[in-house]
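Notes to accompany the following structure.
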Amino acid sequence: DQRAKFGGRRLKRKDSAWKQNRIVDRAQEGKPFGFSGLSLTAKKKGAKVGYRVEADEKTIYVNYRRHPKGAPAEVQAGKKVLATLDGKGAVQTRTDRITVPAKTKQITVVAQGRGFQLLGLSFEKDRAGVVYSSIGPVGADAKVYLDLEDQSMAEALADHKPDLVVVMVGGNDALKARKKWRSMDEVRGHHEQLIDRIRRMAPEAEILMWAPMDAGR
């Protein structure tokens with residue numbers, strides 16, 4: 001959901017209606033982002049964000065955070081309400097499964113009040129295969145995933161039940177080491193702590209560590 005010329009699925013939203021927070025921005029440590037590293041919080045009732053749906057995508061999983069100052073939201077396909085998301089109540093990171101009607105080209109998440117907090121969506125097909133979720137805010141390093149609030153990250157991982165978690169960070173770690181913002185011992189320690197954290201939160205998952213790309217000086 002980072003509106004930029006690079007990235008994945010395009011979305012439509014009015015920034016005046018949503019506040020975007022990212023774990024890589026200043027003073028975001030310890031905030032709840034699930035494992036996506038960013039959130040969109042509605043500034044007002046009626047705030048909308050629309051996502052394109054491909055023809056073979058039959059199910060959508062919506063990841064959001066329920067909290068006492070939150071609000072519900074509707075997931076709509078045209079004028080039809082597919083689901084209502086329970087965004088107000090005891091603190092919990094939730095993932096709701098929604099079936100998409102045939103020939104749906106776009107779904108829209110509509111906040112029913114100020115404070116609804118959206119963490120991400122997963123678009124899935126109805127045939128067997130691999131579900132591949134690529135995450136990571138621009139600028140992320142290993143430490144970013146240690147700064148995510150523990151409860152929200154654990155609940156999001158548990159909801160997704162991953163078989164494999166691929167950790168592919170290191171480019172920004174190397175940059176910070178080169179600039180002497182942190183030592184290589186600190187970088188190693190962050191990676192070790194991240195492995196331990198994933199093992200604790202997703203004990204059934206395998207972990208694959210992928211080295212950062214080669215880079216010239």
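In the structure tokens, each chain is lettered A, B, ... as it comes, each chain's residues begin at 1, and ligands are numbered from 1 in order of appearance.
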TODO: Step one, run DSSP on the backbone; step two, keep only residues of region 26-192 of chain A assigned to alpha helix (DSSP H); then write them as an MDAnalysis selection string.
DONE: chainID A and resid 144:147 150:160 171:178 184:192
Open item on the list: List as a PyMOL selection string the protein and nucleic acid residues near Asp163 (chain A), meaning an atom at most 8 Å away when only C-alpha atoms are counted, but skip any in the same chain fewer than 2 places from it.
Closed with: chain A and resi 161+165+204-206
Can you list every residue of region 108-199 of chain A that has an atom at most 9 Å from region 208-211 of chain A, with its nearest atom pair and the distance in Å to one decimal, using only C-alpha atoms, ordered by chain then number, as JSON lines?
```
{"residue": "A:Leu164", "atom": "CA", "partner": "A:Leu208", "partner_atom": "CA", "distance": 7.3}
{"residue": "A:Val165", "atom": "CA", "partner": "A:Leu208", "partner_atom": "CA", "distance": 6.3}
{"residue": "A:Val166", "atom": "CA", "partner": "A:Leu208", "partner_atom": "CA", "distance": 4.7}
{"residue": "A:Val167", "atom": "CA", "partner": "A:Met209", "partner_atom": "CA", "distance": 5.0}
{"residue": "A:Met168", "atom": "CA", "partner": "A:Trp210", "partner_atom": "CA", "distance": 4.8}
{"residue": "A:Val169", "atom": "CA", "partner": "A:Ala211", "partner_atom": "CA", "distance": 7.3}
{"residue": "A:Gly170", "atom": "CA", "partner": "A:Ala211", "partner_atom": "CA", "distance": 6.9}
{"residue": "A:Gly171", "atom": "CA", "partner": "A:Ala211", "partner_atom": "CA", "distance": 9.0}
{"residue": "A:Ile195", "atom": "CA", "partner": "A:Met209", "partner_atom": "CA", "distance": 8.8}
```
Task: Distance query Lys31 (chain A) at most 10 Å, only C-alpha atoms, self and fewer than 5 positions along chain excluded, as a ChimeraX atom specification - done: /A:21-23,37-39,147-152
Could the residues in this selection be saved with N, CA, C and O atoms as a PDB file, in the first residue's frame?
```pdb
ATOM      1  N   ASN A  21       0.966   4.992   8.168  1.00  0.00           N
ATOM      2  CA  ASN A  21       2.120   4.850   9.047  1.00  0.00           C
ATOM      3  C   ASN A  21       2.956   3.679   8.572  1.00  0.00           C
ATOM      4  O   ASN A  21       2.417   2.652   8.142  1.00  0.00           O
ATOM      5  N   ARG A  22       4.283   3.833   8.648  1.00  0.00           N
ATOM      6  CA  ARG A  22       5.194   2.763   8.261  1.00  0.00           C
ATOM      7  C   ARG A  22       6.215   2.565   9.379  1.00  0.00           C
ATOM      8  O   ARG A  22       6.697   3.528   9.975  1.00  0.00           O
ATOM      9  N   ILE A  23       6.589   1.328   9.615  1.00  0.00           N
ATOM     10  CA  ILE A  23       7.551   1.023  10.664  1.00  0.00           C
ATOM     11  C   ILE A  23       8.911   1.653  10.369  1.00  0.00           C
ATOM     12  O   ILE A  23       9.700   1.909  11.282  1.00  0.00           O
ATOM     13  N   GLY A  37       4.251  -4.175   8.308  1.00  0.00           N
ATOM     14  CA  GLY A  37       5.126  -3.024   8.487  1.00  0.00           C
ATOM     15  C   GLY A  37       4.486  -1.698   8.172  1.00  0.00           C
ATOM     16  O   GLY A  37       5.162  -0.668   8.225  1.00  0.00           O
ATOM     17  N   LEU A  38       3.196  -1.688   7.838  1.00  0.00           N
ATOM     18  CA  LEU A  38       2.528  -0.407   7.598  1.00  0.00           C
ATOM     19  C   LEU A  38       1.038  -0.545   7.867  1.00  0.00           C
ATOM     20  O   LEU A  38       0.488  -1.633   7.948  1.00  0.00           O
ATOM     21  N   SER A  39       0.385   0.597   8.031  1.00  0.00           N
ATOM     22  CA  SER A  39      -1.057   0.595   8.257  1.00  0.00           C
ATOM     23  C   SER A  39      -1.686   1.822   7.627  1.00  0.00           C
ATOM     24  O   SER A  39      -1.025   2.836   7.406  1.00  0.00           O
ATOM     25  N   ASP A 147      11.256  -4.313  15.792  1.00  0.00           N
ATOM     26  CA  ASP A 147      10.566  -3.139  16.333  1.00  0.00           C
ATOM     27  C   ASP A 147       9.046  -3.250  16.236  1.00  0.00           C
ATOM     28  O   ASP A 147       8.330  -2.472  16.871  1.00  0.00           O
ATOM     29  N   LEU A 148       8.545  -4.187  15.434  1.00  0.00           N
ATOM     30  CA  LEU A 148       7.095  -4.363  15.317  1.00  0.00           C
ATOM     31  C   LEU A 148       6.520  -4.814  16.653  1.00  0.00           C
ATOM     32  O   LEU A 148       7.125  -5.631  17.353  1.00  0.00           O
ATOM     33  N   GLU A 149       5.344  -4.288  17.004  1.00  0.00           N
ATOM     34  CA  GLU A 149       4.703  -4.699  18.249  1.00  0.00           C
ATOM     35  C   GLU A 149       4.520  -6.216  18.275  1.00  0.00           C
ATOM     36  O   GLU A 149       4.076  -6.817  17.295  1.00  0.00           O
ATOM     37  N   ASP A 150       4.858  -6.826  19.388  1.00  0.00           N
ATOM     38  CA  ASP A 150       4.906  -8.280  19.497  1.00  0.00           C
ATOM     39  C   ASP A 150       3.541  -8.930  19.261  1.00  0.00           C
ATOM     40  O   ASP A 150       3.421  -9.866  18.471  1.00  0.00           O
ATOM     41  N   GLN A 151       2.499  -8.417  19.920  1.00  0.00           N
ATOM     42  CA  GLN A 151       1.181  -9.055  19.833  1.00  0.00           C
ATOM     43  C   GLN A 151       0.648  -9.057  18.408  1.00  0.00           C
ATOM     44  O   GLN A 151       0.179 -10.080  17.908  1.00  0.00           O
ATOM     45  N   SER A 152       0.706  -7.907  17.738  1.00  0.00           N
ATOM     46  CA  SER A 152       0.117  -7.817  16.398  1.00  0.00           C
ATOM     47  C   SER A 152       0.876  -8.682  15.396  1.00  0.00           C
ATOM     48  O   SER A 152       0.278  -9.330  14.533  1.00  0.00           O
TER      49      SER A 152
END
```
Open item on the list: Can you pull out the residues contacting region 124-131 of chain A? Cut-off 12 Å, using only C-alpha atoms, and skip same-chain residues under 2 positions away; I want them as a count of residues only.
Closed with: 24
